[in-house]
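Colleague: I am attaching a structure below and will ask some questions about it afterwards.
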Amino acid sequence: MLSSIRISSSRLASTSLKSRNGYNGVLTQLRTFADVTDSKVDSDETEMPAFPDLPKIGGDALDFSDVKLSGTPSPWAVFDAWGAGGDLHTALDDHEMAKLAPSSVAIPFDDEVSDLGETEILETYDKLLKRRSSVHFGYPYNLMYNHEELYPFMKYSINNLGDPFVASNYGVHSRQFEVSVIDFFAKLWKAPKDDYWGYVTTCGTEGNLHAILLARECHPDGILYSSRETHYSIFKAARYYRMDAKSIPTLPMGEIDYDALERQLAANKDKPAIINVNIGTTVKGAVDNLDRILRILKSLGFTRDRFHIHCDGALFAMMMPFIDYAPEVSFEKPIDSIAVSGHKMLGCPMPCGIALTRKEHVAKVEMKIDYLNSVDTTIMGSRNGQAALYLWYSLRKKGFEGIKADVKHCIETAAYLRDTLTAAGMTARLNDLSCTVVLERPKDEELIKRWQLACEDDIAHVVVMPNVTREKIDVFVGEMKECVDMNGRMEPTSDKSPLARLVSRSWGGADVIAPIGDFRSDLSKESDEVEDYKNLTGLTK
């Protein structure tokens with residue numbers, strides 16, 4: 001399978017290289033794809049068609065040279081319009097960086113005069129962004145997109161203020177596109193027809209804030225449980241809403257510790273349980289086992305009216321439906337909400353996201369606002385209508401085959417990065433269902449900044465997105481090897497540090513390169529780990 005995918009990746013990469021020669025090639029390909037999809041894009045159908053059977057990850061490599069085999073064509077799956085997935089752009093020199101210094105971009109006040117014009121500043125800024133985007137490794141943003149067809153709409157102040165399903169008096173909105181996006185995700189996650197509600201958010205954090213607010217309204221005396229490797233927005237919500245919250249220890253791979261969770265739930269059976277399930281943790285990309293958590297709740301006697309489950313799926317909830325035999329996260333199970341980021345897997349020039357929940361929960365926060373002639377159900381009042389339009393456009397243009405190609409690229413290229421780092425003598429790990437490669441932190445802050453690596457203590461990670469290619473990985477690993485030759489390898493900061501936990505046998509695999517240093521590498525053998533559980537969960541009291 002790897003060899004066939006590699007052939008397909010080479011074909012896609014060669015198309016990208018041709019496209020980088022200028023916008024003429026890009027526009028030619030766009031027109032070609034537009035000709036193929038016109039009949040679908042111009043359709044007057046208001047009801048969403050049933051989803052087709054998803055093609056299989058493990059099948060033959062997608063061949064976009066034959067349009068008939070590629071389903072809904074995806075421009076993003078076969079080329080990169082502005083260079084994010086192409087060659088590494090040259091870094092700006094000191095003279096160019098000076099044009100972006102605070103004194104250069106300062107807004108003149110009263111009779112002050114600027115030495116630089118806006119055009120010169122913006123041209124330099126564009127060059128800087130191209131450079132930064134070409135070495136973007138540490139954060140989960142898909143930079144392979146093209147929205148040129150939407151540029152004319154940027155001149156409008158598109159505002160979806162109020163509820164997406166209740167029109168307001170403000171006529172410059174994109175509600176019809178927003179509702180279409182919500183309907184797509186409702187079908188993707190199998191929400192019951194006419195029993196779901198959602199909206200396009202400013203980011204995944206807003207989706208989490210909204211979901212936890214609904215959970216608190218449903219269970220005012222409930223306790224929020226989430227793993228200590230949860231995204232910070234979940235515990236931010238607990239602080240905002242003054243909720244009782246429990247930070248549950250994690251297994252070495254980053255999943256929630258199910259035994260510790262069960263102990264905490266058993267100790268607080270008199271209170272409703274609000275559980276955040278991570279569909280991909282921030283640093284390690286670990287997916288909590290939803291079915292196991294549901295079994296724990298059932299074994300402890302929590303009835304459906306006494307628990308509330310939110311799934312934080314910022315990146316991976318958009319990927320898992322396209323992976324063979326992946327655990328299903330859907331509303332056919334007793335969950336209450338899902339939040340996902342729109343700018344991550346789909347790709348969008350502005351942060352955005354989607355929040356989806358059961359309609360009955362939203363009724364608890366709904367308030368009629370005469371000024372809007374709509375109802376207040378969202379976190380924000382004014383809402384960016386451009387984001388809904390961009391998400392709709394990405395979904396229509398990509399289609400299932402385009403998203404499928406992106407997911408295949410991310411999963412397979414992440415494995416290539418892990419294996420290349422391991423072969424180079426460095427510690428690297430990759431969770432199942434994940435495109436986040438966790439590695440030992442390089443001992444060079446300039447390298448970290450250059451590749452924009454996200455770090456935690458003695459580890460770093462690379463989130464492999466469609467704009468991360470094998471060619472870029474080879475350059476990155478080469479720089480990592482040079483860093484090791486010059487500065488040595490990172491030593492674990494303690495015997496229980498994130499780096500020390502990377503060699504635990506619970507990750508699986510026998511060929512992992514252990515970090516240097518004298519420490520107990522396998523936490524599953526440490527007797528004091530149980531004591532650590534108790535201290536963290538308060539069970540020693």
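Note on naming: chains are A, B, ... as they come in the structure tokens, residues start from 1 per chain, ligands start from 1 in the order shown.
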Quick one: residues within 8 Å of Arg441 of chain A, only C-alpha atoms, excluding same-chain residues fewer than 4 positions away - as a tab-separated table (two decimals) with C-alpha atoms, in the first residue's frame?
Modeller:
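Below is the file out-v8.tsv, written as the result:
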chain	number	residue	atom	x	y	z
A	455	CYS	CA	6.73	22.14	22.32
A	458	ASP	CA	11.17	18.10	26.62
A	459	ILE	CA	9.09	17.04	23.60
A	460	ALA	CA	7.91	18.69	20.41
A	490	MET	CA	17.55	16.21	24.56
Colleague: Tell me, as an mmCIF file with C-alpha atoms, in the first residue's frame, which residues lie within 6 Å of segment 170-182 of chain A, counting only C-alpha atoms; anything in the same chain fewer than 6 positions away does not count.
Modeller:
data_model
loop_
_atom_site.group_PDB
_atom_site.id
_atom_site.type_symbol
_atom_site.label_atom_id
_atom_site.label_comp_id
_atom_site.auth_asym_id
_atom_site.auth_seq_id
_atom_site.Cartn_x
_atom_site.Cartn_y
_atom_site.Cartn_z
ATOM 1 C CA ILE A 158 -21.404 39.477 5.647
ATOM 2 C CA ASN A 159 -22.725 39.023 9.170
ATOM 3 C CA ASN A 160 -24.731 35.995 10.352
ATOM 4 C CA PRO A 164 -28.426 30.345 11.851
ATOM 5 C CA GLY A 385 -20.530 35.185 7.487
ATOM 6 C CA ALA A 388 -19.557 29.953 6.540
ATOM 7 C CA LEU A 389 -19.162 30.810 2.854
ATOM 8 C CA TRP A 392 -19.288 25.678 2.173
#
Colleague: Write out as JSON, numbers by chain each polymer residue whose atoms come within 9 Å of segment 89-96 of chain A, counting only C-alpha atoms; drop sequence neighbours fewer than 3 positions from it.
Modeller: {"A": [83, 86, 99, 100, 124, 127, 128, 130, 131, 132, 133, 134, 135]}
Colleague: Quick one: residues within 6 Å of segment 428-440 of chain A, only C-alpha atoms, excluding same-chain residues fewer than 6 positions away - as a list in words?
Modeller: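 Using only C-alpha atoms, the neighbours found are Gly285, Cys410, Ile411, Ala414, Arg418, Ile459, Ala460, His461, Val462, Val463 and Val464 of chain A.
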Colleague: From the set A:Lys246, A:Lys236, A:Lys284, A:Lys368, which residue has the shortest atom-to-atom contact distance to His210 of chain A, counting only C-alpha atoms?
Modeller: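 Counting only C-alpha atoms, the residue closest to His210 of chain A is A:Lys236.
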Colleague: DSSP on the backbone, then: every residue of segment 323-510 of chain A marked strand (DSSP E), written as a PyMOL selection string.
Modeller: chain A and resi 337-341+353-358+367-369+374-376+428-430+436-440+454-456+459-463
Colleague: Could you tell me which of A:Lys397, A:Arg501, A:His361, A:Arg470 comes closest to Ile212 of chain A if we count only C-alpha atoms?
Modeller: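 Answer, going by the shortest atom-to-atom distance: A:His361.
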Colleague: I'd like the interatomic distance between atom CA of Ala273 of chain A and atom CA of Glu360 of chain A, to a tenth of an Å.
Modeller: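 Going from atom CA of Ala273 of chain A over to atom CA of Glu360 of chain A, I get 18.3 Å.
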Colleague: Name all residues at most 12 Å from Pro349 of chain A (count only C-alpha atoms; drop same-chain ones fewer than 2 positions away) and give them as a PyMOL selection string.
Modeller: chain A and resi 133+141-148+150-151+342-344+346-347+351-352+386-391+394
Colleague: Return the single residue from A:Asn208, A:Asp183, A:Leu188, A:Gly254 that is closest to Ala317 of chain A, with distances computed using only C-alpha atoms.
Modeller: A:Leu188
Colleague: Segment 314-391 of chain A: which residues are helix (DSSP H, G or I) by DSSP, as a PyMOL selection string?
Modeller: chain A and resi 316-318+320-322+343-347+359-362+385-391
Colleague: I need the chosen residues saved as a JSON list (two decimals), in the first residue's frame, with C-alpha atoms.
Modeller:
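Below you can see part-v3.json, which holds the result:
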[["chain", "number", "residue", "atom", "x", "y", "z"],
["A", 316, "PHE", "CA", -9.53, 14.28, 14.06],
["A", 317, "ALA", "CA", -13.34, 14.29, 14.10],
["A", 318, "MET", "CA", -13.00, 15.53, 10.51],
["A", 320, "MET", "CA", -11.94, 9.59, 11.40],
["A", 321, "PRO", "CA", -15.04, 9.13, 9.19],
["A", 322, "PHE", "CA", -12.64, 8.65, 6.26],
["A", 343, "HIS", "CA", -9.54, 25.81, 9.26],
["A", 344, "LYS", "CA", -7.62, 22.68, 10.24],
["A", 345, "MET", "CA", -8.48, 19.72, 8.04],
["A", 346, "LEU", "CA", -10.54, 21.59, 5.45],
["A", 347, "GLY", "CA", -8.28, 24.61, 5.12],
["A", 359, "LYS", "CA", -31.76, 20.59, 19.54],
["A", 360, "GLU", "CA", -33.30, 19.99, 22.97],
["A", 361, "HIS", "CA", -30.17, 21.34, 24.69],
["A", 362, "VAL", "CA", -30.14, 24.65, 22.81],
["A", 385, "GLY", "CA", -20.53, 35.18, 7.49],
["A", 386, "GLN", "CA", -17.41, 34.89, 5.36],
["A", 387, "ALA", "CA", -16.32, 31.80, 7.33],
["A", 388, "ALA", "CA", -19.56, 29.95, 6.54],
["A", 389, "LEU", "CA", -19.16, 30.81, 2.85],
["A", 390, "TYR", "CA", -15.55, 29.57, 2.79],
["A", 391, "LEU", "CA", -16.41, 26.32, 4.56]]
